[in-house]
Amino acid sequence: MRHFGHLAPEVRQRLFHQEPCAFTADSEARLLAAALGATLYSPATRPRLADDILKQAAHGVISMVLCLEDSIDDADVAHGEENLVRHFADLAARPGADLPLLFIRVRTPGQIPDLVRRLGPAVRLLSGFVLPKFTGERGLPFLEALESAESAGGRRLFAMPVLESPELLYRESRVETLEGIFRAVDKYRDRVLALRLGVTDFCSSYGLRRAPDMTAYDVQVVASVIADVVNMLGRADGTGFTVTGPVWEYFRAPERMFKPQLRQSPFLEVQAVELRERLIEHAMDGLLREISLDQANGLLGKTCIHPSHVLPVHALSVVSHEEYSDAADILRPERGGGGVMRSAYTNKMNEVKPHRAWAERILLRAEVFGVAREDVGFVDLLAAGIPG
């Protein structure tokens with residue numbers, strides 16, 4: 001699989017200075033964590049789940065979560081499990097099918113070994129489990145169950161804990177909770193692919209819901225949690241983890257708000273009328289602002305609940321030619337001793353030692369999402385990927 005692999009080769013050549021790399025579910029964890037991109041959630045109870053997975057993969061989805069937790073009714077859990085087992089068997093019977101990275105979001109630790117056992121040989125299609133409402137105390141049984149299931153199933157399985165508990169949100173318990181989370185995930189570091197932020201649950205604790213023209217960073221009580229999670233769990237010193245961006249709840253912008261902004265929005269520099277009309281159906285200004293703020297705050301990838309969110313997340317994840325030029329220059333071997341130099345674009349100073357960690361992250365992102373040609377921007381990438 002590869003990002004933008006659903007585009008024709010000649011289209012990718014036109015868009016990319018450096019094309020996204022190819023990888024598999026068995027690639028190294030560091031690469032897979034960066035490559036998650038827009039992780040699309042789907043209820044595990046969907047009647048045509050196997051076909052839905054194949055359809056989304058054909059449209060550029062790289063990672064999916066099949067949910068047995070909050071997205072389905074309590075009474076439907078057993079049916080969801082049966083549905084998962086049946087459709088994994090269906091997918092396993094389709095040789096050569098292109099599949100995304102598949103994860104199952106469970107409710108209890110016991111579901112992990114039970115599902116691995118019931119999946120049988122089809123477990124080879126599974127990349128891991130998403131662990132809900134993760135804290136140090138509640139999370140350890142999930143991680144222990146994952147370790148046991150991995151041994152029994154003979155398949156490498158990753159964990160993606162979801163940070164969404166009230167203890168993490170409340171100021172008086174936040175630091176202690178973050179310290180407990182760190183101890184748990186550090187113990188199982190090789191199995192933790194990424195940490196996911198459950199912002200909807202954070203908002204729920206205060207009866208809040210952000211409007212479609214606002215981002216998670218406009219809700220201060222939520223923004224403070226994101227900052228502290230990155231501070232303690234997302235450090236670039238080798239102790240941190242990949243932290244993914246929060247879910248965007250809206251999948252169609254109100255026309256009265258969206259249409260007037262299309263010309264002047266700094267996030268949608270749209271010039272062609274026909275593209276502008278198609279963007280009304282496929283993108284939202286608030287989502288694009290939030291993706292940009294995710295990246296500025298150290299988050300990589302995003303939880304998505306609608307297929308229309310996937311392309312904007314991936315298009316904004318492509319490294320610009322300018323970013324790539326700066327990062328490559330900073331990491332040149334002869335720069336090892338430090339120093340400061342003017343960028344090749346002659347619009348900024350690159351300081352080798354302070355900017356090294358940033359440059360390393362940029363080159364990792366460039367490897368999995370590619371580098372745009374000098375004259376290619378977000379709108380070009382978005383337009384190329386819109387069906388029709």
# chains A, B, ... in the order shown; residues from 1 in each chain; ligands from 1
>>> residues_around(residues="A:Trp248", least_positions_apart="3", cutoff="8 Å", atoms="only C-alpha atoms", output="JSON, numbers by chain")
{"A": [287, 303, 304, 305]}
>>> select_by_dssp(residues="stretch 106-220 of chain A", states="strand (DSSP E)", output="number ranges by chain")
A: 126-131, 158-163, 195-197
>>> write_last_selection(atoms="N, CA, C and O atoms", output="CSV table (one decimal), in the first residue's frame")
chain,number,residue,atom,x,y,z
A,126,LEU,N,-5.3,-8.6,10.5
A,126,LEU,CA,-5.5,-7.6,11.6
A,126,LEU,C,-4.2,-7.0,12.0
A,126,LEU,O,-3.2,-7.7,12.2
A,127,SER,N,-4.2,-5.7,12.2
A,127,SER,CA,-3.0,-5.0,12.6
A,127,SER,C,-3.0,-4.7,14.1
A,127,SER,O,-1.9,-4.4,14.7
A,128,GLY,N,-4.1,-4.7,14.7
A,128,GLY,CA,-4.1,-4.5,16.2
A,128,GLY,C,-5.5,-4.1,16.7
A,128,GLY,O,-6.5,-4.2,16.1
A,129,PHE,N,-5.4,-3.5,17.9
A,129,PHE,CA,-6.6,-3.2,18.7
A,129,PHE,C,-6.5,-1.7,19.2
A,129,PHE,O,-5.5,-1.2,19.5
A,130,VAL,N,-7.7,-1.1,19.2
A,130,VAL,CA,-7.8,0.3,19.8
A,130,VAL,C,-8.4,0.1,21.2
A,130,VAL,O,-9.4,-0.6,21.4
A,131,LEU,N,-7.7,0.7,22.2
A,131,LEU,CA,-8.1,0.5,23.6
A,131,LEU,C,-8.7,1.7,24.2
A,131,LEU,O,-8.1,2.8,24.2
A,158,PHE,N,-0.6,-4.5,17.2
A,158,PHE,CA,-0.3,-3.2,17.8
A,158,PHE,C,-1.5,-2.8,18.7
A,158,PHE,O,-2.6,-3.1,18.4
A,159,ALA,N,-1.2,-1.9,19.6
A,159,ALA,CA,-2.2,-1.2,20.4
A,159,ALA,C,-2.2,0.2,20.1
A,159,ALA,O,-1.2,0.9,19.8
A,160,MET,N,-3.4,0.8,20.0
A,160,MET,CA,-3.6,2.2,19.9
A,160,MET,C,-4.5,2.7,21.1
A,160,MET,O,-5.8,2.7,20.9
A,161,PRO,N,-4.0,3.1,22.2
A,161,PRO,CA,-4.8,3.5,23.3
A,161,PRO,C,-5.5,4.9,23.0
A,161,PRO,O,-4.9,5.7,22.3
A,162,VAL,N,-6.7,5.0,23.5
A,162,VAL,CA,-7.5,6.2,23.3
A,162,VAL,C,-7.4,7.0,24.6
A,162,VAL,O,-7.9,6.5,25.7
A,163,LEU,N,-6.9,8.2,24.6
A,163,LEU,CA,-6.9,9.1,25.8
A,163,LEU,C,-8.1,9.9,25.8
A,163,LEU,O,-8.2,10.9,25.1
A,195,LEU,N,-0.9,7.0,20.1
A,195,LEU,CA,-1.9,7.4,21.1
A,195,LEU,C,-2.9,8.2,20.4
A,195,LEU,O,-2.6,9.2,19.7
A,196,ARG,N,-4.2,7.9,20.6
A,196,ARG,CA,-5.3,8.7,20.0
A,196,ARG,C,-6.0,9.5,21.0
A,196,ARG,O,-6.3,9.1,22.2
A,197,LEU,N,-6.4,10.7,20.6
A,197,LEU,CA,-7.1,11.7,21.5
A,197,LEU,C,-8.6,11.6,21.3
A,197,LEU,O,-9.1,11.7,20.2
>>> select_by_dssp(residues="stretch 262-387 of chain A", states="helix (DSSP H, G or I)", output="number ranges by chain")
A: 262-264, 273-282, 285-296, 307-317, 321-330, 333-335, 352-369, 378-385
>>> closest_atom_pairs(of="stretch 46-160 of chain A", to="stretch 307-313 of chain A", cutoff="9 Å", atoms="only C-alpha atoms", output="CSV")
residue,atom,partner,partner_atom,distance
A:Gln56,CA,A:Pro307,CA,7.5
A:His59,CA,A:Pro307,CA,8.8
A:Gly60,CA,A:Leu311,CA,7.7
A:Val61,CA,A:Val310,CA,6.8
>>> write_last_selection(atoms="N, CA and C atoms", output="CSV table (one decimal), in the first residue's frame")
chain,number,residue,atom,x,y,z
A,56,GLN,N,-13.3,1.6,0.5
A,56,GLN,CA,-12.5,2.7,1.1
A,56,GLN,C,-11.0,2.6,0.8
A,59,HIS,N,-10.3,4.0,-2.5
A,59,HIS,CA,-10.3,5.5,-2.5
A,59,HIS,C,-9.2,6.1,-1.7
A,60,GLY,N,-8.2,5.4,-1.3
A,60,GLY,CA,-7.1,6.0,-0.6
A,60,GLY,C,-7.0,5.8,0.9
A,61,VAL,N,-7.9,5.1,1.5
A,61,VAL,CA,-7.9,4.9,3.0
A,61,VAL,C,-6.8,3.9,3.3
>>> residues_around(residues="A:Val77", least_positions_apart="5", cutoff="12 Å", atoms="only C-alpha atoms", output="ChimeraX atom specification")
/A:43-45,67-72,82-84,105-108,111
>>> decode(residues="stretch 366-381 of chain A", atoms="all heavy atoms", output="PDB file, in the first residue's frame")
ATOM      1  N   ALA A 366       7.675  12.947   4.834  1.00  0.00           N
ATOM      2  CA  ALA A 366       7.929  12.970   3.396  1.00  0.00           C
ATOM      3  C   ALA A 366       8.039  11.559   2.836  1.00  0.00           C
ATOM      4  O   ALA A 366       7.604  11.280   1.710  1.00  0.00           O
ATOM      5  CB  ALA A 366       9.206  13.748   3.100  1.00  0.00           C
ATOM      6  N   GLU A 367       8.608  10.665   3.627  1.00  0.00           N
ATOM      7  CA  GLU A 367       8.759   9.285   3.166  1.00  0.00           C
ATOM      8  C   GLU A 367       7.399   8.633   2.937  1.00  0.00           C
ATOM      9  O   GLU A 367       7.193   7.952   1.930  1.00  0.00           O
ATOM     10  CB  GLU A 367       9.565   8.483   4.190  1.00  0.00           C
ATOM     11  CG  GLU A 367       9.892   7.077   3.734  1.00  0.00           C
ATOM     12  CD  GLU A 367      10.809   6.345   4.711  1.00  0.00           C
ATOM     13  OE1 GLU A 367      11.212   6.960   5.720  1.00  0.00           O
ATOM     14  OE2 GLU A 367      11.100   5.161   4.458  1.00  0.00           O
ATOM     15  N   VAL A 368       6.440   8.860   3.851  1.00  0.00           N
ATOM     16  CA  VAL A 368       5.161   8.151   3.733  1.00  0.00           C
ATOM     17  C   VAL A 368       4.101   8.925   2.948  1.00  0.00           C
ATOM     18  O   VAL A 368       3.229   8.313   2.329  1.00  0.00           O
ATOM     19  CB  VAL A 368       4.607   7.766   5.122  1.00  0.00           C
ATOM     20  CG1 VAL A 368       5.515   6.741   5.781  1.00  0.00           C
ATOM     21  CG2 VAL A 368       4.423   8.961   6.022  1.00  0.00           C
ATOM     22  N   PHE A 369       4.154  10.264   2.964  1.00  0.00           N
ATOM     23  CA  PHE A 369       3.151  11.058   2.250  1.00  0.00           C
ATOM     24  C   PHE A 369       3.688  11.708   0.982  1.00  0.00           C
ATOM     25  O   PHE A 369       2.919  12.245   0.188  1.00  0.00           O
ATOM     26  CB  PHE A 369       2.571  12.145   3.163  1.00  0.00           C
ATOM     27  CG  PHE A 369       1.645  11.603   4.218  1.00  0.00           C
ATOM     28  CD1 PHE A 369       2.080  11.447   5.521  1.00  0.00           C
ATOM     29  CD2 PHE A 369       0.344  11.244   3.905  1.00  0.00           C
ATOM     30  CE1 PHE A 369       1.236  10.935   6.496  1.00  0.00           C
ATOM     31  CE2 PHE A 369      -0.506  10.731   4.868  1.00  0.00           C
ATOM     32  CZ  PHE A 369      -0.064  10.573   6.170  1.00  0.00           C
ATOM     33  N   GLY A 370       4.996  11.689   0.802  1.00  0.00           N
ATOM     34  CA  GLY A 370       5.579  12.273  -0.384  1.00  0.00           C
ATOM     35  C   GLY A 370       5.883  13.751  -0.235  1.00  0.00           C
ATOM     36  O   GLY A 370       5.519  14.399   0.756  1.00  0.00           O
ATOM     37  N   VAL A 371       6.565  14.281  -1.254  1.00  0.00           N
ATOM     38  CA  VAL A 371       6.927  15.695  -1.319  1.00  0.00           C
ATOM     39  C   VAL A 371       6.305  16.276  -2.585  1.00  0.00           C
ATOM     40  O   VAL A 371       6.509  15.749  -3.684  1.00  0.00           O
ATOM     41  CB  VAL A 371       8.454  15.887  -1.362  1.00  0.00           C
ATOM     42  CG1 VAL A 371       8.818  17.361  -1.458  1.00  0.00           C
ATOM     43  CG2 VAL A 371       9.115  15.231  -0.147  1.00  0.00           C
ATOM     44  N   ALA A 372       5.554  17.343  -2.439  1.00  0.00           N
ATOM     45  CA  ALA A 372       4.912  17.965  -3.596  1.00  0.00           C
ATOM     46  C   ALA A 372       5.940  18.671  -4.472  1.00  0.00           C
ATOM     47  O   ALA A 372       6.975  19.146  -3.987  1.00  0.00           O
ATOM     48  CB  ALA A 372       3.852  18.968  -3.133  1.00  0.00           C
ATOM     49  N   ARG A 373       5.646  18.721  -5.754  1.00  0.00           N
ATOM     50  CA  ARG A 373       6.487  19.523  -6.642  1.00  0.00           C
ATOM     51  C   ARG A 373       6.405  20.992  -6.236  1.00  0.00           C
ATOM     52  O   ARG A 373       5.470  21.411  -5.562  1.00  0.00           O
ATOM     53  CB  ARG A 373       6.050  19.342  -8.094  1.00  0.00           C
ATOM     54  CG  ARG A 373       6.390  17.972  -8.659  1.00  0.00           C
ATOM     55  CD  ARG A 373       6.199  17.929 -10.164  1.00  0.00           C
ATOM     56  NE  ARG A 373       6.541  16.622 -10.709  1.00  0.00           N
ATOM     57  CZ  ARG A 373       7.769  16.238 -11.030  1.00  0.00           C
ATOM     58  NH1 ARG A 373       8.785  17.077 -10.857  1.00  0.00           N
ATOM     59  NH2 ARG A 373       7.997  15.029 -11.527  1.00  0.00           N
ATOM     60  N   GLU A 374       7.373  21.746  -6.662  1.00  0.00           N
ATOM     61  CA  GLU A 374       7.494  23.139  -6.223  1.00  0.00           C
ATOM     62  C   GLU A 374       6.249  23.954  -6.552  1.00  0.00           C
ATOM     63  O   GLU A 374       5.869  24.855  -5.801  1.00  0.00           O
ATOM     64  CB  GLU A 374       8.730  23.765  -6.858  1.00  0.00           C
ATOM     65  CG  GLU A 374       9.146  25.090  -6.234  1.00  0.00           C
ATOM     66  CD  GLU A 374      10.527  25.519  -6.689  1.00  0.00           C
ATOM     67  OE1 GLU A 374      11.160  24.781  -7.459  1.00  0.00           O
ATOM     68  OE2 GLU A 374      10.963  26.602  -6.243  1.00  0.00           O
ATOM     69  N   ASP A 375       5.588  23.658  -7.667  1.00  0.00           N
ATOM     70  CA  ASP A 375       4.426  24.432  -8.089  1.00  0.00           C
ATOM     71  C   ASP A 375       3.106  23.761  -7.743  1.00  0.00           C
ATOM     72  O   ASP A 375       2.048  24.159  -8.228  1.00  0.00           O
ATOM     73  CB  ASP A 375       4.487  24.689  -9.599  1.00  0.00           C
ATOM     74  CG  ASP A 375       4.525  23.383 -10.403  1.00  0.00           C
ATOM     75  OD1 ASP A 375       4.794  22.315  -9.797  1.00  0.00           O
ATOM     76  OD2 ASP A 375       4.288  23.432 -11.629  1.00  0.00           O
ATOM     77  N   VAL A 376       3.141  22.721  -6.900  1.00  0.00           N
ATOM     78  CA  VAL A 376       1.930  21.977  -6.532  1.00  0.00           C
ATOM     79  C   VAL A 376       1.553  22.312  -5.093  1.00  0.00           C
ATOM     80  O   VAL A 376       2.395  22.252  -4.189  1.00  0.00           O
ATOM     81  CB  VAL A 376       2.149  20.458  -6.683  1.00  0.00           C
ATOM     82  CG1 VAL A 376       1.006  19.670  -6.054  1.00  0.00           C
ATOM     83  CG2 VAL A 376       2.283  20.096  -8.161  1.00  0.00           C
ATOM     84  N   GLY A 377       0.293  22.662  -4.891  1.00  0.00           N
ATOM     85  CA  GLY A 377      -0.198  23.002  -3.564  1.00  0.00           C
ATOM     86  C   GLY A 377      -1.316  22.087  -3.117  1.00  0.00           C
ATOM     87  O   GLY A 377      -1.698  21.127  -3.808  1.00  0.00           O
ATOM     88  N   PHE A 378      -1.888  22.404  -1.957  1.00  0.00           N
ATOM     89  CA  PHE A 378      -2.943  21.592  -1.360  1.00  0.00           C
ATOM     90  C   PHE A 378      -4.127  21.398  -2.309  1.00  0.00           C
ATOM     91  O   PHE A 378      -4.649  20.294  -2.460  1.00  0.00           O
ATOM     92  CB  PHE A 378      -3.412  22.246  -0.056  1.00  0.00           C
ATOM     93  CG  PHE A 378      -4.752  21.749   0.418  1.00  0.00           C
ATOM     94  CD1 PHE A 378      -4.881  20.472   0.947  1.00  0.00           C
ATOM     95  CD2 PHE A 378      -5.881  22.550   0.336  1.00  0.00           C
ATOM     96  CE1 PHE A 378      -6.113  20.019   1.375  1.00  0.00           C
ATOM     97  CE2 PHE A 378      -7.110  22.105   0.745  1.00  0.00           C
ATOM     98  CZ  PHE A 378      -7.226  20.824   1.279  1.00  0.00           C
ATOM     99  N   VAL A 379      -4.568  22.473  -2.966  1.00  0.00           N
ATOM    100  CA  VAL A 379      -5.742  22.383  -3.830  1.00  0.00           C
ATOM    101  C   VAL A 379      -5.482  21.419  -4.999  1.00  0.00           C
ATOM    102  O   VAL A 379      -6.369  20.658  -5.387  1.00  0.00           O
ATOM    103  CB  VAL A 379      -6.155  23.763  -4.342  1.00  0.00           C
ATOM    104  CG1 VAL A 379      -7.211  23.653  -5.434  1.00  0.00           C
ATOM    105  CG2 VAL A 379      -6.693  24.608  -3.179  1.00  0.00           C
ATOM    106  N   ASP A 380      -4.264  21.431  -5.525  1.00  0.00           N
ATOM    107  CA  ASP A 380      -3.931  20.494  -6.621  1.00  0.00           C
ATOM    108  C   ASP A 380      -4.043  19.059  -6.146  1.00  0.00           C
ATOM    109  O   ASP A 380      -4.580  18.202  -6.857  1.00  0.00           O
ATOM    110  CB  ASP A 380      -2.513  20.771  -7.116  1.00  0.00           C
ATOM    111  CG  ASP A 380      -2.327  22.200  -7.610  1.00  0.00           C
ATOM    112  OD1 ASP A 380      -2.976  22.574  -8.591  1.00  0.00           O
ATOM    113  OD2 ASP A 380      -1.553  22.924  -6.987  1.00  0.00           O
ATOM    114  N   LEU A 381      -3.539  18.793  -4.945  1.00  0.00           N
ATOM    115  CA  LEU A 381      -3.602  17.437  -4.399  1.00  0.00           C
ATOM    116  C   LEU A 381      -5.036  17.040  -4.106  1.00  0.00           C
ATOM    117  O   LEU A 381      -5.446  15.905  -4.357  1.00  0.00           O
ATOM    118  CB  LEU A 381      -2.763  17.368  -3.116  1.00  0.00           C
ATOM    119  CG  LEU A 381      -1.254  17.537  -3.320  1.00  0.00           C
ATOM    120  CD1 LEU A 381      -0.581  17.926  -2.004  1.00  0.00           C
ATOM    121  CD2 LEU A 381      -0.650  16.251  -3.865  1.00  0.00           C
TER     122      LEU A 381
END
